[in-house]
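**Q** Structure file run.txt (compact mmCIF, C-alpha atoms) is given on the next line.
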```
# COMPACT_ATOMS: atom_id res chain seq x y z
CA MET A 228 66.35 85.50 -105.33
CA ASN A 229 63.27 84.87 -103.15
CA ILE A 230 62.43 86.20 -99.69
CA PRO A 231 63.20 83.03 -97.68
CA PHE A 232 66.69 83.01 -99.11
CA LEU A 233 67.22 86.65 -98.09
CA ILE A 234 65.93 86.00 -94.60
CA CYS A 235 68.15 82.94 -94.14
CA PHE A 236 71.11 84.85 -95.53
CA LEU A 237 70.48 87.79 -93.18
CA TYR A 238 69.93 85.52 -90.17
CA GLU A 239 73.15 83.57 -90.62
CA THR A 240 75.19 86.73 -91.28
CA VAL A 241 73.96 88.82 -88.37
CA SER A 242 73.86 85.91 -85.92
CA THR A 243 77.46 84.80 -86.67
CA LEU A 244 79.59 87.74 -87.85
CA PRO A 245 79.54 89.71 -84.55
CA TYR A 246 80.94 86.72 -82.64
CA ARG A 247 83.77 86.20 -85.08
CA LEU A 248 84.75 89.85 -84.95
CA MET A 249 84.46 89.76 -81.15
CA GLY A 250 87.24 87.18 -81.02
CA TYR A 251 89.72 89.79 -82.24
CA TYR A 252 88.95 92.24 -79.43
CA PRO A 253 91.57 90.93 -76.95
CA PHE A 254 94.22 90.98 -79.71
CA ARG A 255 93.52 94.33 -81.32
CA LYS A 256 97.09 95.42 -80.43
CA ARG A 257 98.60 92.15 -81.67
CA LEU A 258 97.18 92.12 -85.20
CA LEU A 259 99.65 91.42 -87.99
CA TYR A 260 97.55 93.41 -90.46
CA PRO A 261 95.40 96.55 -90.24
CA MET A 262 92.05 95.98 -88.58
CA TRP A 263 90.13 96.94 -91.70
CA THR A 264 91.96 94.25 -93.68
CA VAL A 265 91.10 91.58 -91.11
CA ALA A 266 87.47 92.76 -90.92
CA LEU A 267 87.16 92.72 -94.72
CA LEU A 268 88.54 89.18 -94.93
CA ILE A 269 86.25 87.92 -92.17
CA GLY A 270 83.28 89.74 -93.72
CA CYS A 271 83.83 88.19 -97.17
CA THR A 272 84.24 84.74 -95.63
CA GLN A 273 81.02 85.21 -93.68
CA LEU A 274 79.08 86.35 -96.77
CA LEU A 275 80.16 83.20 -98.60
CA HIS A 276 79.20 81.08 -95.61
CA SER A 277 75.81 82.76 -95.30
CA ALA A 278 75.06 82.39 -99.03
CA LEU A 279 75.82 78.65 -98.97
CA TYR A 280 73.89 78.21 -95.72
CA ALA A 281 70.82 79.99 -97.10
CA TRP A 282 70.95 77.98 -100.32
CA LEU A 283 71.19 74.65 -98.50
CA THR A 284 68.35 75.66 -96.18
CA VAL A 285 65.99 76.89 -98.91
CA GLN A 286 66.68 73.86 -101.11
CA ASP A 287 66.28 71.59 -98.07
CA LEU A 288 69.48 69.75 -98.99
CA GLY A 289 70.86 69.42 -95.44
CA GLY A 290 74.50 69.81 -94.47
CA GLU A 291 74.12 73.14 -92.68
CA ARG A 292 75.88 71.84 -89.54
CA PHE A 293 78.82 70.50 -91.53
CA LEU A 294 79.04 73.88 -93.28
CA GLU A 295 79.23 75.68 -89.93
CA PHE A 296 82.08 73.46 -88.72
CA PHE A 297 83.91 73.88 -92.01
CA PHE A 298 83.76 77.67 -91.92
CA ALA A 299 84.61 77.65 -88.21
CA ALA A 300 87.87 75.91 -89.20
CA VAL A 301 88.43 78.40 -92.04
CA CYS A 302 87.89 81.34 -89.70
CA PHE A 303 90.26 79.79 -87.18
CA LEU A 304 93.00 79.65 -89.82
CA ILE A 305 92.39 83.33 -90.57
CA TYR A 306 92.35 83.98 -86.82
CA THR A 307 95.72 82.37 -86.10
CA ASN A 308 97.40 83.91 -89.14
CA SER A 309 96.18 87.42 -88.32
CA ILE A 310 97.34 87.54 -84.71
CA ASP A 311 100.91 87.72 -83.45
CA ALA A 312 100.46 84.99 -80.84
CA ASP A 313 101.11 81.31 -80.20
CA ARG A 314 98.64 79.21 -82.23
CA TRP A 315 97.93 76.80 -79.40
CA LYS A 316 96.98 79.66 -77.14
CA THR A 317 94.72 81.22 -79.76
CA LEU A 318 93.09 77.81 -80.32
CA PHE A 319 92.43 77.56 -76.60
CA LEU A 320 90.63 80.93 -76.64
CA TYR A 321 88.91 80.25 -79.95
CA VAL A 322 87.21 77.16 -78.54
CA PHE A 323 85.78 79.25 -75.73
CA LEU A 324 84.45 81.77 -78.23
CA PHE A 325 82.88 78.91 -80.18
CA ASP A 326 81.18 77.70 -76.98
CA TYR A 327 79.89 81.21 -76.40
CA ILE A 328 78.23 81.15 -79.84
CA ILE A 329 76.65 77.79 -78.95
CA LEU A 330 75.32 79.24 -75.68
CA VAL A 331 73.80 82.40 -77.17
CA ARG A 332 72.21 80.53 -80.05
CA GLY A 333 70.92 77.94 -77.62
CA ILE A 334 69.29 80.62 -75.45
CA SER A 335 67.61 82.28 -78.43
CA LEU A 336 66.42 78.95 -79.90
CA PHE A 337 65.05 77.79 -76.57
CA THR A 338 63.27 81.12 -75.96
CA GLU A 339 61.63 81.08 -79.39
CA ALA A 340 60.60 77.44 -79.10
CA ARG A 341 59.01 78.02 -75.68
CA LEU A 342 57.20 81.23 -76.59
CA PHE A 343 56.19 80.49 -80.18
CA TYR A 344 56.13 76.72 -80.36
CA SER A 345 54.58 74.94 -83.29
CA PRO A 346 55.62 71.63 -84.93
CA ASP A 347 56.67 73.43 -88.13
CA LEU A 348 58.51 76.30 -86.38
CA GLU A 349 61.46 77.64 -88.41
CA PHE A 350 64.48 79.12 -86.64
CA ASN A 351 65.72 81.25 -89.53
CA SER A 352 63.15 84.02 -89.30
CA LEU A 353 63.51 87.70 -88.49
CA ARG A 354 62.08 86.91 -85.07
CA SER A 355 64.87 84.37 -84.53
CA LEU A 356 67.39 87.01 -85.51
CA LEU A 357 65.92 89.54 -83.07
CA LEU A 358 66.02 87.09 -80.17
CA ASN A 359 69.61 86.22 -81.01
CA LEU A 360 70.62 89.88 -81.05
CA ILE A 361 68.93 90.44 -77.68
CA ALA A 362 70.82 87.51 -76.14
CA LEU A 363 74.04 88.83 -77.67
CA ALA A 364 73.47 92.36 -76.35
CA VAL A 365 72.88 91.08 -72.82
CA THR A 366 75.88 88.75 -72.67
CA ALA A 367 78.48 90.46 -74.92
CA PRO A 368 79.83 92.98 -72.33
CA PHE A 369 80.60 90.18 -69.87
CA MET A 370 82.16 88.03 -72.58
CA LEU A 371 84.37 90.87 -73.87
CA LEU A 372 85.60 91.55 -70.34
CA PHE A 373 86.30 87.86 -69.80
CA LEU A 374 88.12 87.52 -73.13
CA LYS A 375 90.29 90.54 -72.35
CA ARG A 376 91.31 89.28 -68.91
CA THR A 377 91.72 85.72 -70.11
CA ALA A 378 93.93 86.74 -73.03
CA GLU A 379 96.18 88.74 -70.69
CA ARG A 380 96.66 85.76 -68.39
CA VAL A 381 97.13 83.30 -71.24
CA PHE A 382 99.81 85.33 -73.00
CA HIS A 383 101.75 85.98 -69.83
CA THR A 384 102.01 82.28 -69.00
CA ASP A 385 104.78 80.28 -70.66
CA ALA A 386 104.19 76.53 -70.76
CA PRO A 387 104.55 75.43 -74.41
CA SER A 388 104.09 71.70 -73.78
CA LEU A 389 100.90 72.37 -71.81
CA TRP A 390 99.31 74.63 -74.43
CA LYS A 391 99.81 71.99 -77.12
CA VAL A 392 97.41 69.59 -75.38
CA ILE A 393 95.21 71.58 -73.01
CA TRP A 394 92.89 72.72 -75.80
CA LEU A 395 91.70 69.12 -76.19
CA LEU A 396 89.71 69.32 -72.94
CA PRO A 397 87.31 72.08 -74.05
CA VAL A 398 87.13 70.60 -77.57
CA PHE A 399 86.00 67.18 -76.34
CA THR A 400 83.53 68.75 -73.92
CA THR A 401 82.08 70.88 -76.71
CA LEU A 402 81.72 67.89 -79.04
CA ILE A 403 79.85 65.93 -76.37
CA VAL A 404 77.37 68.78 -75.86
CA LEU A 405 76.88 69.20 -79.63
CA LEU A 406 76.20 65.50 -80.04
CA TYR A 407 73.74 65.61 -77.16
CA THR A 408 71.94 68.76 -78.37
CA GLY A 409 72.51 68.41 -82.11
CA ASP A 410 68.83 67.85 -82.90
CA LEU A 411 67.41 71.34 -83.53
CA SER A 412 63.83 70.31 -84.04
CA PRO A 413 61.30 72.54 -82.24
CA GLU A 414 60.23 69.70 -79.96
CA ASN A 415 63.77 69.00 -78.81
CA VAL A 416 64.88 72.62 -78.56
CA ARG A 417 62.03 73.58 -76.22
CA GLN A 418 63.15 70.99 -73.63
CA ILE A 419 64.82 72.24 -70.47
CA ARG A 420 67.63 69.74 -70.91
CA PHE A 421 68.58 71.45 -74.20
CA LEU A 422 69.09 74.80 -72.49
CA LEU A 423 70.74 73.27 -69.42
CA SER A 424 73.23 71.35 -71.58
CA ARG A 425 74.43 74.53 -73.24
CA VAL A 426 74.42 76.59 -70.06
CA LEU A 427 76.35 73.89 -68.22
CA LEU A 428 78.81 73.80 -71.11
CA ILE A 429 79.74 77.42 -70.63
CA PHE A 430 79.87 77.08 -66.83
CA GLY A 431 82.01 73.98 -67.25
CA MET A 432 84.32 76.01 -69.45
CA PHE A 433 84.51 78.77 -66.85
CA SER A 434 85.38 76.18 -64.20
CA LEU A 435 87.99 74.58 -66.43
CA TYR A 436 89.56 77.94 -67.15
CA GLY A 437 89.57 78.85 -63.47
CA VAL A 438 91.33 75.64 -62.41
CA LEU A 439 93.70 75.88 -65.35
CA PHE A 440 94.69 79.45 -64.54
CA GLN A 441 95.39 78.50 -60.95
CA ALA A 442 97.76 75.82 -62.24
CA LEU A 443 99.28 78.27 -64.73
CA ASP A 444 99.80 80.83 -61.97
CA ILE A 445 101.75 78.19 -60.06
CA ILE A 446 103.85 77.47 -63.17
CA ARG A 447 104.48 81.15 -63.72
CA ASN A 448 105.41 81.70 -60.07
CA GLU A 449 107.80 78.76 -60.21
CA ALA A 450 109.44 80.23 -63.31
CA ALA A 451 109.70 83.58 -61.56
CA LEU A 452 111.24 81.91 -58.50
CA GLU A 453 113.78 80.15 -60.72
CA GLU A 454 114.69 83.47 -62.28
CA GLN A 455 114.95 85.08 -58.85
CA ALA A 456 117.16 82.22 -57.70
CA ALA A 457 119.43 82.79 -60.70
CA GLN A 458 119.55 86.50 -59.91
CA GLN A 459 120.37 85.70 -56.27
CA GLU A 460 123.23 83.51 -57.46
CA ASN A 461 124.54 86.41 -59.52
CA LEU A 462 124.15 88.72 -56.53
CA LEU A 463 126.06 86.31 -54.29
CA ALA A 464 128.79 86.06 -56.91
CA LEU A 465 128.95 89.86 -57.02
CA GLN A 466 129.19 90.00 -53.24
CA ARG A 467 131.93 87.35 -53.19
CA THR A 468 133.86 89.29 -55.82
CA GLN A 469 133.41 92.52 -53.89
CA TYR A 470 134.52 90.84 -50.64
CA SER A 471 137.56 89.32 -52.36
CA GLN A 472 138.55 92.71 -53.78
CA LEU A 473 138.04 94.40 -50.43
CA SER A 474 140.11 91.77 -48.61
CA ARG A 475 142.88 92.11 -51.18
CA HIS A 476 142.85 95.89 -50.84
CA ILE A 477 143.03 95.63 -47.04
CA GLN A 478 145.99 93.28 -47.27
CA GLU A 479 147.69 95.48 -49.85
CA THR A 480 147.12 98.53 -47.62
CA ARG A 481 148.67 96.77 -44.64
CA GLN A 482 151.64 95.72 -46.73
CA ALA A 483 151.98 99.23 -48.13
CA ARG A 484 151.94 100.76 -44.61
CA HIS A 485 154.65 98.34 -43.51
CA ASP A 486 156.78 99.02 -46.59
CA LEU A 487 156.23 102.76 -46.30
CA ALA A 488 157.57 102.76 -42.75
CA GLN A 489 160.77 101.11 -43.97
CA HIS A 490 161.14 103.56 -46.86
CA LEU A 491 160.59 106.54 -44.54
CA ARG A 492 163.40 105.37 -42.26
CA ILE A 493 165.81 105.12 -45.22
CA ILE A 494 164.73 108.50 -46.62
CA ASN A 495 165.08 110.09 -43.19
CA ASN A 496 168.59 108.65 -42.91
CA TYR A 497 169.59 110.12 -46.31
CA ILE A 498 168.19 113.50 -45.27
CA SER A 499 169.99 113.47 -41.92
CA THR A 500 173.32 112.61 -43.57
CA GLY A 501 172.82 115.16 -46.35
CA SER A 502 173.19 112.51 -49.10
CA GLU A 503 171.03 114.32 -51.62
CA ALA A 504 172.25 112.42 -54.70
CA ALA A 505 171.75 109.06 -53.00
CA LEU A 506 168.27 110.15 -51.84
CA LYS A 507 167.32 111.17 -55.36
CA GLU A 508 168.52 107.86 -56.80
CA TYR A 509 166.66 105.92 -54.09
CA VAL A 510 163.39 107.75 -54.74
CA GLU A 511 163.66 107.13 -58.51
CA ASN A 512 164.31 103.43 -57.95
CA TYR A 513 161.38 103.27 -55.53
CA GLN A 514 159.04 104.84 -58.08
CA HIS A 515 160.02 102.26 -60.70
CA SER A 516 159.43 99.44 -58.24
CA LEU A 517 155.82 100.46 -57.52
CA PRO A 518 153.28 98.00 -58.99
CA PRO A 519 150.95 99.31 -61.70
CA ASP A 520 147.54 100.50 -60.63
CA THR A 521 145.28 97.78 -61.98
CA SER A 522 142.10 98.82 -60.18
CA ARG A 523 139.34 100.09 -62.46
CA SER A 524 136.51 102.44 -61.80
CA TRP A 525 133.83 102.33 -64.48
CA CYS A 526 131.60 105.08 -63.09
CA ARG A 527 130.83 107.00 -59.92
CA ASN A 528 127.83 104.88 -58.95
CA PHE A 529 129.00 102.16 -56.58
CA ALA A 530 126.32 99.52 -57.43
CA VAL A 531 126.78 99.90 -61.19
CA ASN A 532 130.54 99.86 -60.83
CA THR A 533 130.36 96.61 -58.83
CA ILE A 534 128.18 94.87 -61.44
CA VAL A 535 130.34 95.97 -64.37
CA SER A 536 133.48 94.93 -62.50
CA TYR A 537 132.04 91.49 -61.86
CA TYR A 538 131.07 90.85 -65.48
CA PHE A 539 134.35 92.31 -66.68
CA GLN A 540 136.19 89.76 -64.55
CA GLU A 541 133.92 86.93 -65.75
CA ALA A 542 134.45 87.96 -69.38
CA GLU A 543 138.21 88.20 -68.91
CA ASN A 544 138.30 84.72 -67.36
CA SER A 545 136.40 83.38 -70.39
CA GLY A 546 138.62 85.10 -72.96
CA ILE A 547 135.92 87.60 -73.94
CA ASP A 548 136.91 91.13 -74.96
CA PHE A 549 134.96 93.47 -72.66
CA THR A 550 134.80 97.25 -73.02
CA ALA A 551 132.49 99.68 -71.27
CA GLN A 552 131.88 103.43 -71.26
CA MET A 553 129.71 104.27 -68.28
CA ASN A 554 129.05 108.00 -68.17
CA LEU A 555 126.83 107.82 -65.11
CA PRO A 556 126.59 110.10 -62.08
CA GLU A 557 126.78 108.93 -58.49
CA GLU A 558 122.99 109.39 -58.15
CA LEU A 559 121.05 107.80 -61.01
CA PRO A 560 117.94 109.52 -62.43
CA ILE A 561 115.92 106.30 -61.95
CA SER A 562 115.64 103.66 -59.25
CA GLU A 563 119.07 102.10 -58.68
CA PRO A 564 117.74 98.54 -58.11
CA GLU A 565 115.74 98.68 -61.34
CA PHE A 566 118.65 99.91 -63.43
CA THR A 567 121.05 97.37 -61.95
CA SER A 568 118.45 94.68 -62.73
CA VAL A 569 118.33 95.83 -66.37
CA LEU A 570 122.12 96.01 -66.60
CA GLY A 571 122.63 92.65 -64.90
CA ASN A 572 120.10 90.86 -67.12
CA LEU A 573 121.62 92.22 -70.33
CA LEU A 574 125.20 91.46 -69.27
CA GLU A 575 124.25 87.96 -68.12
CA ASN A 576 122.62 87.23 -71.50
CA ALA A 577 125.63 88.69 -73.35
CA LEU A 578 128.09 86.62 -71.30
CA LEU A 579 126.09 83.43 -71.93
CA ALA A 580 125.93 84.09 -75.69
CA CYS A 581 129.69 84.77 -75.92
CA ARG A 582 130.59 81.67 -73.92
CA ASN A 583 128.72 79.48 -76.43
CA LEU A 584 130.84 80.70 -79.33
CA GLU A 585 133.50 78.54 -80.93
CA GLY A 586 136.16 79.69 -83.37
CA THR A 587 135.10 83.36 -83.03
CA ALA A 588 136.62 86.27 -81.14
CA PRO A 589 133.75 87.16 -78.77
CA PHE A 590 133.22 90.65 -77.40
CA ILE A 591 130.86 92.63 -75.20
CA ARG A 592 130.45 96.40 -75.69
CA VAL A 593 128.61 98.44 -73.06
CA LEU A 594 127.65 102.10 -73.29
CA ALA A 595 125.61 104.04 -70.74
CA LYS A 596 124.92 107.73 -70.28
CA ALA A 597 122.46 109.74 -68.24
CA ASP A 598 121.20 113.21 -67.54
CA ASP A 599 118.60 114.54 -65.09
CA GLN A 600 115.66 113.19 -67.09
CA LYS A 601 116.67 109.95 -68.80
CA LEU A 602 119.15 107.13 -68.93
CA LEU A 603 120.34 105.28 -72.04
CA LEU A 604 122.01 101.87 -72.09
CA THR A 605 123.27 99.71 -74.95
CA VAL A 606 124.84 96.26 -74.71
CA ASP A 607 126.18 94.68 -77.91
CA ASN A 608 127.70 91.24 -78.04
CA THR A 609 128.70 88.56 -80.52
CA ALA A 610 126.09 85.82 -81.05
CA VAL A 611 126.56 82.98 -83.51
CA SER A 612 122.87 82.82 -84.43
CA ALA A 613 119.71 84.87 -84.01
CA PRO A 614 117.65 84.12 -80.91
CA THR A 615 114.40 82.23 -81.42
CA ILE A 616 111.39 84.54 -81.41
CA LYS A 617 107.83 83.35 -80.89
CA ALA A 618 104.83 85.64 -80.69
CA GLY A 619 107.14 88.64 -80.48
CA ARG A 620 109.06 87.30 -77.47
CA PHE A 621 112.43 85.57 -77.09
CA LEU A 622 112.51 81.90 -76.19
CA SER A 623 114.95 81.04 -73.43
CA SER A 624 118.09 79.07 -74.28
CA ARG A 625 118.31 77.77 -70.71
CA HIS A 626 114.81 76.46 -70.03
CA GLU A 627 111.50 75.74 -71.76
CA GLY A 628 109.40 78.81 -72.44
CA TYR A 629 110.19 82.48 -72.87
CA GLY A 630 113.27 84.27 -71.59
CA LEU A 631 112.42 86.06 -68.36
CA GLY A 632 115.43 88.39 -68.47
CA THR A 633 114.41 90.28 -71.61
CA GLU A 634 110.78 90.37 -70.43
CA SER A 635 111.92 91.90 -67.14
CA VAL A 636 113.90 94.54 -69.06
CA ARG A 637 110.86 95.34 -71.23
CA ALA A 638 108.62 95.65 -68.16
CA ILE A 639 111.00 98.05 -66.40
CA ALA A 640 111.34 100.12 -69.59
CA GLU A 641 107.56 100.38 -69.91
CA ARG A 642 107.20 101.44 -66.26
CA HIS A 643 109.66 104.27 -66.91
CA GLN A 644 107.95 105.44 -70.12
CA GLY A 645 110.88 104.20 -72.18
CA ARG A 646 111.47 101.29 -74.50
CA ALA A 647 113.65 98.23 -74.92
CA ASP A 648 114.76 97.14 -78.39
CA PHE A 649 116.50 93.89 -79.27
CA ARG A 650 117.77 92.77 -82.65
CA TRP A 651 120.31 90.38 -84.17
CA GLU A 652 122.24 91.27 -87.29
CA GLY A 653 125.43 89.91 -88.84
CA GLY A 654 126.45 87.79 -85.88
CA ILE A 655 125.91 90.56 -83.32
CA PHE A 656 123.06 90.96 -80.86
CA TYR A 657 122.12 94.58 -80.16
CA ALA A 658 120.21 95.54 -77.01
CA SER A 659 119.23 99.12 -76.28
CA VAL A 660 117.16 100.48 -73.40
CA SER A 661 115.91 103.98 -72.65
CA LEU A 662 114.48 104.91 -69.25
CA ARG A 663 112.91 108.16 -68.09
CA ALA A 664 112.95 109.57 -64.59
CA MET A 665 109.58 109.18 -62.89
CA PRO A 666 107.96 112.47 -61.80
```
Render the structure in this file as structure tokens.

**A**
Amino acid sequence: MNIPFLICFLYETVSTLPYRLMGYYPFRKRLLYPMWTVALLIGCTQLLHSALYAWLTVQDLGGERFLEFFFAAVCFLIYTNSIDADRWKTLFLYVFLFDYIILVRGISLFTEARLFYSPDLEFNSLRSLLLNLIALAVTAPFMLLFLKRTAERVFHTDAPSLWKVIWLLPVFTTLIVLLYTGDLSPENVRQIRFLLSRVLLIFGMFSLYGVLFQALDIIRNEAALEEQAAQQENLLALQRTQYSQLSRHIQETRQARHDLAQHLRIINNYISTGSEAALKEYVENYQHSLPPDTSRSWCRNFAVNTIVSYYFQEAENSGIDFTAQMNLPEELPISEPEFTSVLGNLLENALLACRNLEGTAPFIRVLAKADDQKLLLTVDNTAVSAPTIKAGRFLSSRHEGYGLGTESVRAIAERHQGRADFRWEGGIFYASVSLRAMP
């Protein structure tokens, strides 16, 4: 093995491997395998790439650019299969990372060609490697910060049909720049237009991402508004139910006061005439005539009791067996609006799943208990099939994209240093949430 081969091998390895590992930074908590396994796989792939690249270069056989595109595709396959995320979203980010490599290499090539120009200048030297590492060191902190923020925004925006096509815009732009600056001869690389093309590529990508994220924010806000509208509908339904119950109780109270006045007159007459036996018989008959007490109180907290009463009535109207044990105090250990949001979301999902069943006896089981420090809630319900999961999140059965109800429950659980677990097994969907009181 001669020295030029070693230098080419070292140049291609050091000037490519850091970028490929950098792409995993935003997803370090979403990896499907241990980080060392992913790094080993990427490292072995890069060593093979570098060996083939150095051999082609030393033998002057050509094909180095094709080799780079080929291994870029291979690394992308490793990338998407190592991260628990939507492939279209990872492709979108991967293209940006690829453009970043093009920019940094372009800066280092341009700098070397301008400072050390000669017609037979080679770009695979140790000097080339040093310039590349300098450019990487200067730009990497900004790129890592951008990738982190971009990944957060991408993975919190649900628009499946958009992600399937939006990656084509940066891909086509990148291909145009590569075709325009594909000649890496020293004379061409030292031209200002070479550097400007690659710099404008990255700025064009930043602009594209900025406009795209504004559009995605609008989509996300619209989805949130739709979810809020659905919650408002549920709230109005709860209020109508509460008003109906209150009106019925007022009417029943009026009727009871009227009836009681009549019964008191009769009782008073029996007392005044000394008809003790007749009075006793009348009272016994009156007791048997009283209607059964059908009102239910699920717990001492008024808001929780109202929500459970509403969904109990909805379940009963739909022929769904509903049972609940709500061992909750009048004052909850956490924010009442947040807990009622969690409870309402889970019961709404359970009711929807049970209503879609055919030929099965559906049921909803609710259990809640609390102490001074934490609150536990479980909602189990029949579900004919497992919910669709993508990138660790549930897809909605009512609209395109992810279910906002379960995501809202997860977010509230995280804010209260708790957790939310969801699983489907044997035709039953199990939801459990733990919440801690905030200090």

**Q** Determine, counting all atoms listed in the file, every residue of protein, DNA or RNA that lies within 9 Å of (75.1, 78.5, -83.3) in the file coordinates, then give the result as a list in words.

**A**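 So the residues meeting the distance criterion are Ser242, Thr243, Glu295, Phe325, Asp326, Tyr327, Ile328, Ile329, Leu330, Val331, Arg332 and Gly333 of chain A.
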
**Q** Restricting the calculation to all atoms listed in the file: of A:Leu237, A:Leu423, A:Leu336, A:Leu320, which residue gets closest to Arg380 in chain A?

**A**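 Closest candidate: A:Leu320.
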
**Q** Could you tell me how far CA of Thr550 in chain A sits from CA of Arg592 in chain A, in Å to one decimal place?

**A**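 CA of Thr550 in chain A lies at a distance of 5.2 Å from CA of Arg592 in chain A.
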
**Q** So that I can check the surroundings of Val569 in chain A, please list as a list in words every protein, DNA and RNA residue that reaches within 8 Å of it, counting only C-alpha atoms and ignoring chain neighbours fewer than 6 positions away.

**A** Ser635, Val636 and Ile639 of chain A

**Q** Could you please determine the separation between CA of Leu573 in chain A and CA of Asp607 in chain A in Å, to one decimal place?

**A**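 Separation between CA of Leu573 in chain A and CA of Asp607 in chain A: 9.2 Å.
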
**Q** Point out the residue among A:Lys316, A:Arg292, A:Arg341, A:Lys375 with the least atom-to-atom distance to Phe254 in chain A, counting all atoms listed in the file.

**A** A:Lys375

**Q** Using all atoms listed in the file, which protein or nucleic acid residues come within 12 Å of Phe649 in chain A? Drop anything in the same chain fewer than 5 positions from it, and give the result as a list in words.

**A**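 So, after excluding close chain neighbours, the residues are Leu573, Asn576, Thr605, Val606, Asp607, Asn608, Ala613, Pro614, Ile616, Gly619, Arg620, Phe621, Thr633, Glu634, Val636, Arg637, Ile655, Phe656, Tyr657, Ala658, Ser659 and Val660 of chain A.
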
**Q** Could you give me, as a list in words, the residues within 10 Å of Pro245 in chain A, counting all atoms listed in the file and dropping anything in the same chain fewer than 5 positions from it?

**A** Thr240, Gly250, Gly270, Ile328, Leu360, Leu363 and Ala367 of chain A

**Q** List as a list of chain:residue names the protein and nucleic acid residues near Lys256 in chain A, meaning an atom at most 12 Å away when only C-alpha atoms are counted, but skip any in the same chain fewer than 3 places from it.

**A**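 Result of the neighbour search: A:Tyr251, A:Tyr252, A:Pro253, A:Leu259, A:Tyr260, A:Pro261, A:Met262, A:Ser309, A:Ile310, A:Asp311, A:Ala312, A:Lys375, A:Ala378, A:Glu379.
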
**Q** Rounded to one decimal, what separation in Å do you get between CA of Thr400 in chain A and CA of Leu435 in chain A?

**A** 10.5 Å

**Q** Hey, what's within 12 Å of Cys271 in chain A if we count only C-alpha atoms and toss same-chain stuff fewer than 3 positions away? As a ChimeraX atom specification, please?

**A** /A:240,244,264-268,274-278,298,301-302,305

**Q** Nearest to Lys391 in chain A: which of A:Asn572, A:Thr284, A:Gln540, A:Thr317 is it, counting only C-alpha atoms?

**A**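 Checking each of A:Asn572, A:Thr284, A:Gln540, A:Thr317 against Lys391 in chain A, counting only C-alpha atoms, the winner is A:Thr317.
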
**Q** So which one's closest to Leu248 in chain A, A:Ala610, A:Leu324, A:Leu604, A:Leu405? Using only C-alpha atoms, please.

**A**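 Smallest separation from Leu248 in chain A among the options: A:Leu324.
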